[in-house]
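To start, the structure under review is shown below, and the notes come after it.
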Amino acid sequence: LPAIMSAPVTADPVWPRVAKLFLLLLQLCAPRASPQPHRCPDACICTSDLLSCSRQMLQRVPQALPPTTTTLDLSHNALTQLHDRWLAALPHLEALHISHNQIRDLSLRAFHNASFLRHLDMSSNRLHAVERHYFEALVSLEELLLYNNRITRVDENAFAKLSDLRKVYLSWNNLTTFPFHAVQGLGTYNLRTLDLSSNNLSSVPVEVLAALPENVGNGLYLHNNPIRCSCPLYLMLQRWNQRGFSSVKDFSEEHTCKVSDNVPRSLIKFLKHSHMFENCSASAEDAHLSHLEVMVGQPVLLTCNSSQPHTVTTYMWITPQHEPIRHPGNTNLSLEVYHNGSLRIAVAKPWLSGVYVGLAMNSPYNFSRMCEVNMTVLYPKAAGETFSTGLTTLLGCIVSLVLVIIYLYLTPCRCLGCCKKPAPLSPPQECSAQSSILSTTPPATDGPNRKASANKHVVFLEPIRETQNGKIRLALGEDFPDPKHPKVLQLKSDSESISSVFSDTPIVS
């Protein structure tokens, strides 16, 4: 080949072309290197779609991650940062666990190219805030775990683009405020759990929380926070407790409030010791309390706001049954009126539902209406019935009808003699006591002493008119069908039997 290439071109112009063709054939016939398969990183465990690098004291994310990974576990390491687009090589990633690391913040594009991620666990790190750009690229995120960090602030637009977000855990942080007004938009989507417990929240906007949808209120956890004690807060949580919200019902003893801002340890369990808030009155902003729903058997406290001093004002409530109730209450104290004008119902009963009118009185005939509360007493929901009552009743009627039809028309005949039509009975020769009493046409037997008056028949066994010669005579009615051939009741008596009480000779009157 060198000789061919060194030959003068002017000698034969064909040789350079042949040389180039020969080189091309060598390149085509040379063996190609096969692509290297994706290897599992060192100190990691790989399966078909799971990659676990937990507890390896890693300081940076491993390189060349298998692209088939759907679950990546990097927890319990020493990671301090995540570089931009580090998840671009994992197009199918759905769950990412980075808990128990030392991550302080996130870069602007840390989670870009992770649009299929649904579960992110960044708990037990060192995050100081939740910025707007942290998770906005995770458009499919459903569950976000950020508890046990050092978060003091959450941007109001941090979750604005996460329309599929269902659960957010921010407990055990250092939050002093939270943008609750931003949660109202998330409530219209899929948000079901917002855990803000065990933080440093000193106040919450009750008017904003009261307007949240029930699905958000049921999963809004505020316990173990030093929130300032107030009647609106107590009334809101008490109402949530009556509705059976898990956020209050499951942690009733953990809900605390601070009595004084100057005394850090002045915390009380205000839902457990509710007697301290008996004098709470609903303010004018609590318009939602005009319609109150309570469960059967629960105590109820109806409150109204009054700007008049309690010392010169007396209060009266008018029940739905138009009964006036004044202090201290009715006769059995099932309804009590406190000095501040609150009405306490000891036990909610279904017949106590209706509109309660609260009145304030400065003089015997000077009334001023404070409020009207429409209370509805509800029964607790059943645990789930297999069949409804109407369906069960209809099914029972159908089965009963089918059984009756089978019994009447489809019962097989077991013997030929039973299926034959019975012959007409011949007149009995002897008159028994049963036939004499039940039949009005006993057999006619002639007797020498038989006498019967016309138009008479036996109507009852009683009354017994009189006895003659130790023999009982029966009372006979009138109107025999045939006066010429009267039919009388004749009983055969046995003088030797003590059970025979009728004479062998019929006696008529």
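Ordered as shown in the structure tokens, chains take letters A, B, and onward, while each chain numbers its residues from 1 and ligands are numbered from 1 in the order shown.
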
### Query
Please, which residues of segment 316-410 of chain A, numbered as in this document, come out strand (DSSP E or B) from DSSP, as a ChimeraX atom specification?
/A:316-318,324-326,329,335-337,343-345,354-363,366-378

Give me a file of those residues, with N, CA, C and O atoms, as a tab-separated table (two decimals), in the first residue's frame.
chain	number	residue	atom	x	y	z
A	316	MET	N	-81.93	36.29	77.37
A	316	MET	CA	-82.99	35.30	77.21
A	316	MET	C	-82.87	34.68	75.82
A	316	MET	O	-82.55	35.36	74.84
A	317	TRP	N	-83.12	33.40	75.77
A	317	TRP	CA	-83.12	32.66	74.50
A	317	TRP	C	-84.52	32.11	74.25
A	317	TRP	O	-85.21	31.70	75.18
A	318	ILE	N	-84.90	32.12	72.99
A	318	ILE	CA	-86.18	31.54	72.57
A	318	ILE	C	-85.88	30.31	71.74
A	318	ILE	O	-85.21	30.39	70.71
A	324	PRO	N	-89.25	30.43	76.23
A	324	PRO	CA	-88.23	31.38	76.70
A	324	PRO	C	-87.37	30.74	77.80
A	324	PRO	O	-87.87	30.11	78.73
A	325	ILE	N	-86.06	30.91	77.65
A	325	ILE	CA	-85.11	30.35	78.60
A	325	ILE	C	-84.27	31.50	79.15
A	325	ILE	O	-83.60	32.21	78.39
A	326	ARG	N	-84.33	31.69	80.48
A	326	ARG	CA	-83.52	32.71	81.13
A	326	ARG	C	-82.55	32.05	82.09
A	326	ARG	O	-82.59	30.85	82.31
A	329	GLY	N	-81.62	28.64	83.63
A	329	GLY	CA	-81.99	27.70	82.59
A	329	GLY	C	-83.38	27.16	82.82
A	329	GLY	O	-84.16	27.69	83.63
A	335	LEU	N	-81.05	22.98	79.37
A	335	LEU	CA	-80.68	24.21	78.68
A	335	LEU	C	-80.28	25.22	79.74
A	335	LEU	O	-81.07	25.55	80.63
A	336	GLU	N	-79.04	25.72	79.67
A	336	GLU	CA	-78.53	26.66	80.65
A	336	GLU	C	-78.14	27.95	79.96
A	336	GLU	O	-77.56	27.95	78.88
A	337	VAL	N	-78.43	29.06	80.61
A	337	VAL	CA	-78.03	30.39	80.13
A	337	VAL	C	-77.00	30.94	81.10
A	337	VAL	O	-77.29	31.09	82.30
A	343	LEU	N	-75.79	30.15	75.58
A	343	LEU	CA	-76.75	29.09	75.85
A	343	LEU	C	-76.05	27.76	75.70
A	343	LEU	O	-75.48	27.46	74.65
A	344	ARG	N	-76.11	26.96	76.74
A	344	ARG	CA	-75.48	25.64	76.72
A	344	ARG	C	-76.56	24.57	76.69
A	344	ARG	O	-77.47	24.55	77.52
A	345	ILE	N	-76.47	23.71	75.69
A	345	ILE	CA	-77.36	22.56	75.56
A	345	ILE	C	-76.59	21.34	76.02
A	345	ILE	O	-75.56	20.98	75.45
A	354	GLY	N	-83.45	23.48	65.09
A	354	GLY	CA	-84.26	24.65	64.74
A	354	GLY	C	-83.50	25.93	64.99
A	354	GLY	O	-82.29	25.95	65.21
A	355	VAL	N	-84.22	27.04	64.93
A	355	VAL	CA	-83.64	28.37	65.06
A	355	VAL	C	-83.75	28.83	66.51
A	355	VAL	O	-84.85	28.86	67.08
A	356	TYR	N	-82.59	29.19	67.09
A	356	TYR	CA	-82.54	29.74	68.44
A	356	TYR	C	-82.28	31.24	68.33
A	356	TYR	O	-81.35	31.67	67.63
A	357	VAL	N	-83.08	32.02	69.02
A	357	VAL	CA	-82.98	33.48	68.98
A	357	VAL	C	-82.47	33.97	70.34
A	357	VAL	O	-83.06	33.66	71.38
A	358	GLY	N	-81.35	34.73	70.31
A	358	GLY	CA	-80.79	35.29	71.53
A	358	GLY	C	-81.18	36.74	71.69
A	358	GLY	O	-81.05	37.55	70.76
A	359	LEU	N	-81.67	37.09	72.86
A	359	LEU	CA	-82.13	38.45	73.14
A	359	LEU	C	-81.40	39.00	74.36
A	359	LEU	O	-81.11	38.27	75.31
A	360	ALA	N	-81.14	40.30	74.30
A	360	ALA	CA	-80.56	41.02	75.44
A	360	ALA	C	-81.60	42.01	75.96
A	360	ALA	O	-82.29	42.67	75.17
A	361	MET	N	-81.71	42.12	77.29
A	361	MET	CA	-82.74	42.95	77.90
A	361	MET	C	-82.09	43.92	78.88
A	361	MET	O	-81.36	43.51	79.77
A	362	ASN	N	-82.38	45.22	78.68
A	362	ASN	CA	-81.96	46.24	79.62
A	362	ASN	C	-83.07	46.63	80.58
A	362	ASN	O	-82.82	47.20	81.64
A	363	SER	N	-84.29	46.37	80.18
A	363	SER	CA	-85.45	46.64	81.03
A	363	SER	C	-86.47	45.54	80.75
A	363	SER	O	-86.32	44.77	79.79
A	366	ASN	N	-87.68	46.12	77.12
A	366	ASN	CA	-86.77	46.64	76.11
A	366	ASN	C	-85.86	45.51	75.64
A	366	ASN	O	-84.89	45.17	76.31
A	367	PHE	N	-86.18	44.89	74.49
A	367	PHE	CA	-85.45	43.76	73.96
A	367	PHE	C	-84.59	44.23	72.78
A	367	PHE	O	-84.99	45.08	72.00
A	368	SER	N	-83.43	43.65	72.66
A	368	SER	CA	-82.59	43.84	71.48
A	368	SER	C	-82.06	42.47	71.05
A	368	SER	O	-81.50	41.73	71.87
A	369	ARG	N	-82.26	42.16	69.79
A	369	ARG	CA	-81.86	40.84	69.29
A	369	ARG	C	-80.36	40.80	69.08
A	369	ARG	O	-79.78	41.68	68.45
A	370	MET	N	-79.72	39.77	69.60
A	370	MET	CA	-78.28	39.61	69.43
A	370	MET	C	-77.95	38.77	68.20
A	370	MET	O	-77.16	39.17	67.36
A	371	CYS	N	-78.55	37.60	68.09
A	371	CYS	CA	-78.22	36.71	66.97
A	371	CYS	C	-79.30	35.65	66.83
A	371	CYS	O	-80.18	35.49	67.69
A	372	GLU	N	-79.22	34.93	65.71
A	372	GLU	CA	-80.07	33.78	65.45
A	372	GLU	C	-79.17	32.64	64.98
A	372	GLU	O	-78.35	32.82	64.08
A	373	VAL	N	-79.33	31.50	65.60
A	373	VAL	CA	-78.50	30.34	65.29
A	373	VAL	C	-79.42	29.21	64.84
A	373	VAL	O	-80.31	28.80	65.60
A	374	ASN	N	-79.21	28.75	63.64
A	374	ASN	CA	-79.98	27.62	63.10
A	374	ASN	C	-79.18	26.35	63.35
A	374	ASN	O	-78.21	26.06	62.65
A	375	MET	N	-79.59	25.60	64.34
A	375	MET	CA	-78.87	24.39	64.74
A	375	MET	C	-79.54	23.16	64.15
A	375	MET	O	-80.76	23.00	64.22
A	376	THR	N	-78.73	22.30	63.56
A	376	THR	CA	-79.20	21.03	62.99
A	376	THR	C	-78.50	19.90	63.70
A	376	THR	O	-77.27	19.84	63.73
A	377	VAL	N	-79.27	18.99	64.28
A	377	VAL	CA	-78.74	17.83	64.99
A	377	VAL	C	-78.73	16.66	64.02
A	377	VAL	O	-79.77	16.28	63.47
A	378	LEU	N	-77.55	16.09	63.82
A	378	LEU	CA	-77.37	15.02	62.85
A	378	LEU	C	-77.03	13.73	63.56
A	378	LEU	O	-76.45	13.72	64.65

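Atom CA of His255 of chain A is found 14.8 Å from atom CA of Gly217 of chain A.
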
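In this structure, atom CA of Glu253 of chain A sits 12.2 Å away from atom CA of Asn225 of chain A.
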
Can you build me a table of segment 196-279 of chain A residues sitting at most 12 Å from segment 132-148 of chain A, with the closest atom pair per residue and its distance in Å to one decimal, using only C-alpha atoms, sorted by chain and residue number, as CSV?
residue,atom,partner,partner_atom,distance
A:Leu196,CA,A:Tyr147,CA,9.0
A:Ser197,CA,A:Tyr147,CA,9.7
A:Ser198,CA,A:Asn148,CA,9.7
A:Asn199,CA,A:Asn148,CA,10.0

Export of prior selection with C-alpha atoms as a PDB file, in the first residue's frame:
ATOM      1  CA  LEU A 196     -47.696  22.235  59.941  1.00  0.00           C
ATOM      2  CA  SER A 197     -47.510  20.706  63.406  1.00  0.00           C
ATOM      3  CA  SER A 198     -44.592  21.181  65.773  1.00  0.00           C
ATOM      4  CA  ASN A 199     -43.500  24.566  64.439  1.00  0.00           C
TER       5      ASN A 199
END

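Here atom CA of Lys249 of chain A and atom CA of Met236 of chain A stand 12.9 Å from one another.
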
### Query
Skipping near chain neighbours, those fewer than 4 positions away, what residues fall within 8 Å of Pro226 of chain A using only C-alpha atoms, listed as a ChimeraX atom specification?
/A:200-202,256-258,267

Restricted to N, CA, C and O atoms, what would the selected residues look like written as an mmCIF file, in the first residue's frame?
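File part29.cif, as written:
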data_model
loop_
_atom_site.group_PDB
_atom_site.id
_atom_site.type_symbol
_atom_site.label_atom_id
_atom_site.label_comp_id
_atom_site.auth_asym_id
_atom_site.auth_seq_id
_atom_site.Cartn_x
_atom_site.Cartn_y
_atom_site.Cartn_z
ATOM 1 N N ASN A 200 -43.323 26.920 65.058
ATOM 2 C CA ASN A 200 -43.377 28.071 65.960
ATOM 3 C C ASN A 200 -44.435 29.068 65.509
ATOM 4 O O ASN A 200 -44.238 30.287 65.636
ATOM 5 N N LEU A 201 -45.556 28.581 65.012
ATOM 6 C CA LEU A 201 -46.628 29.471 64.575
ATOM 7 C C LEU A 201 -47.249 30.150 65.786
ATOM 8 O O LEU A 201 -47.767 29.488 66.691
ATOM 9 N N SER A 202 -47.200 31.471 65.797
ATOM 10 C CA SER A 202 -47.760 32.229 66.918
ATOM 11 C C SER A 202 -49.179 32.698 66.648
ATOM 12 O O SER A 202 -49.915 33.023 67.587
ATOM 13 N N THR A 256 -52.408 23.104 71.526
ATOM 14 C CA THR A 256 -52.059 24.006 72.611
ATOM 15 C C THR A 256 -52.160 25.445 72.127
ATOM 16 O O THR A 256 -52.117 25.735 70.935
ATOM 17 N N CYS A 257 -52.298 26.353 73.077
ATOM 18 C CA CYS A 257 -52.276 27.781 72.780
ATOM 19 C C CYS A 257 -51.572 28.489 73.919
ATOM 20 O O CYS A 257 -51.535 28.005 75.060
ATOM 21 N N LYS A 258 -51.003 29.654 73.599
ATOM 22 C CA LYS A 258 -50.237 30.425 74.569
ATOM 23 C C LYS A 258 -51.128 31.500 75.158
ATOM 24 O O LYS A 258 -51.720 32.307 74.434
ATOM 25 N N LEU A 267 -48.441 27.663 78.088
ATOM 26 C CA LEU A 267 -49.200 26.881 77.104
ATOM 27 C C LEU A 267 -50.228 26.030 77.829
ATOM 28 O O LEU A 267 -49.929 25.432 78.882
#

I'd like a table as a Markdown table: residues in segment 185-245 of chain A with an atom no more than 12 Å from segment 160-172 of chain A, each row giving the shortest atom pair and its distance in Å to one decimal, only C-alpha atoms counted, sorted by chain and rising residue number.
| residue | atom | partner | partner_atom | distance |
| --- | --- | --- | --- | --- |
| A:Gly185 | CA | A:Ala160 | CA | 8.0 |
| A:Leu186 | CA | A:Ser163 | CA | 7.0 |
| A:Gly187 | CA | A:Arg166 | CA | 9.5 |
| A:Thr188 | CA | A:Ser163 | CA | 9.2 |
| A:Tyr189 | CA | A:Ser163 | CA | 6.2 |
| A:Asn190 | CA | A:Arg166 | CA | 5.2 |
| A:Leu191 | CA | A:Arg166 | CA | 4.1 |
| A:Arg192 | CA | A:Arg166 | CA | 5.3 |
| A:Thr193 | CA | A:Lys167 | CA | 4.6 |
| A:Leu194 | CA | A:Val168 | CA | 5.0 |
| A:Asp195 | CA | A:Tyr169 | CA | 4.8 |
| A:Leu196 | CA | A:Ser171 | CA | 4.8 |
| A:Ser197 | CA | A:Ser171 | CA | 4.9 |
| A:Ser198 | CA | A:Trp172 | CA | 4.9 |
| A:Asn199 | CA | A:Trp172 | CA | 5.6 |
| A:Asn200 | CA | A:Trp172 | CA | 9.1 |
| A:Leu201 | CA | A:Ser171 | CA | 11.1 |
| A:Asn215 | CA | A:Arg166 | CA | 10.7 |
| A:Val216 | CA | A:Arg166 | CA | 9.9 |
| A:Gly219 | CA | A:Lys167 | CA | 9.0 |
| A:Leu220 | CA | A:Val168 | CA | 10.0 |
| A:Tyr221 | CA | A:Ser171 | CA | 8.9 |
| A:Leu222 | CA | A:Ser171 | CA | 9.2 |
| A:His223 | CA | A:Ser171 | CA | 9.8 |
| A:Asn224 | CA | A:Trp172 | CA | 9.7 |
| A:Asn225 | CA | A:Trp172 | CA | 10.1 |

### Query
Using only C-alpha atoms, which residues sit within 10 Å of segment 50-67 of chain A once same-chain residues fewer than 4 positions away are excluded, as a VMD selection string?
chain A and resid 37 to 46 71 to 83 86 to 93 95 97 to 102

Could you write those residues out with C-alpha atoms, as a short mmCIF file (atom, residue, chain, number, x, y, z; two decimals), in the first residue's frame?
data_model
loop_
_atom_site.label_atom_id
_atom_site.label_comp_id
_atom_site.auth_asym_id
_atom_site.auth_seq_id
_atom_site.Cartn_x
_atom_site.Cartn_y
_atom_site.Cartn_z
CA PRO A 37 -24.08 -1.77 29.14
CA HIS A 38 -25.00 0.56 32.01
CA ARG A 39 -23.23 -0.72 35.03
CA CYS A 40 -24.51 -0.41 38.58
CA PRO A 41 -22.50 2.23 40.47
CA ASP A 42 -20.11 1.01 43.07
CA ALA A 43 -21.44 0.67 46.62
CA CYS A 44 -25.04 0.62 45.29
CA ILE A 45 -27.63 -2.09 44.88
CA CYS A 46 -29.48 -2.30 41.57
CA THR A 71 -37.01 4.54 42.40
CA LEU A 72 -33.76 6.09 43.58
CA ASP A 73 -32.69 5.95 47.22
CA LEU A 74 -29.83 8.26 48.29
CA SER A 75 -30.86 8.63 51.93
CA HIS A 76 -28.49 8.61 54.91
CA ASN A 77 -25.48 10.01 53.06
CA ALA A 78 -23.42 13.23 53.13
CA LEU A 79 -24.76 15.01 50.05
CA THR A 80 -24.51 18.79 50.28
CA GLN A 81 -25.80 19.88 46.88
CA LEU A 82 -27.52 18.66 43.72
CA HIS A 83 -26.12 19.91 40.41
CA TRP A 86 -28.71 15.68 37.35
CA LEU A 87 -31.88 13.65 36.77
CA ALA A 88 -31.80 14.00 32.96
CA ALA A 89 -30.40 10.47 32.64
CA LEU A 90 -33.41 9.02 34.53
CA PRO A 91 -36.44 9.66 32.30
CA HIS A 92 -38.65 7.14 34.15
CA LEU A 93 -37.92 8.24 37.73
CA ALA A 95 -39.75 8.23 43.54
CA HIS A 97 -35.45 9.59 48.53
CA ILE A 98 -32.76 12.08 49.66
CA SER A 99 -33.58 12.20 53.37
CA HIS A 100 -30.94 12.44 56.10
CA ASN A 101 -28.36 14.38 54.09
CA GLN A 102 -26.83 17.86 54.46
#

### Summary
With distances taken over only C-alpha atoms, the candidate from A:Cys229, A:Phe22, A:Lys272, A:Gly244 nearest Val259 of chain A is A:Cys229
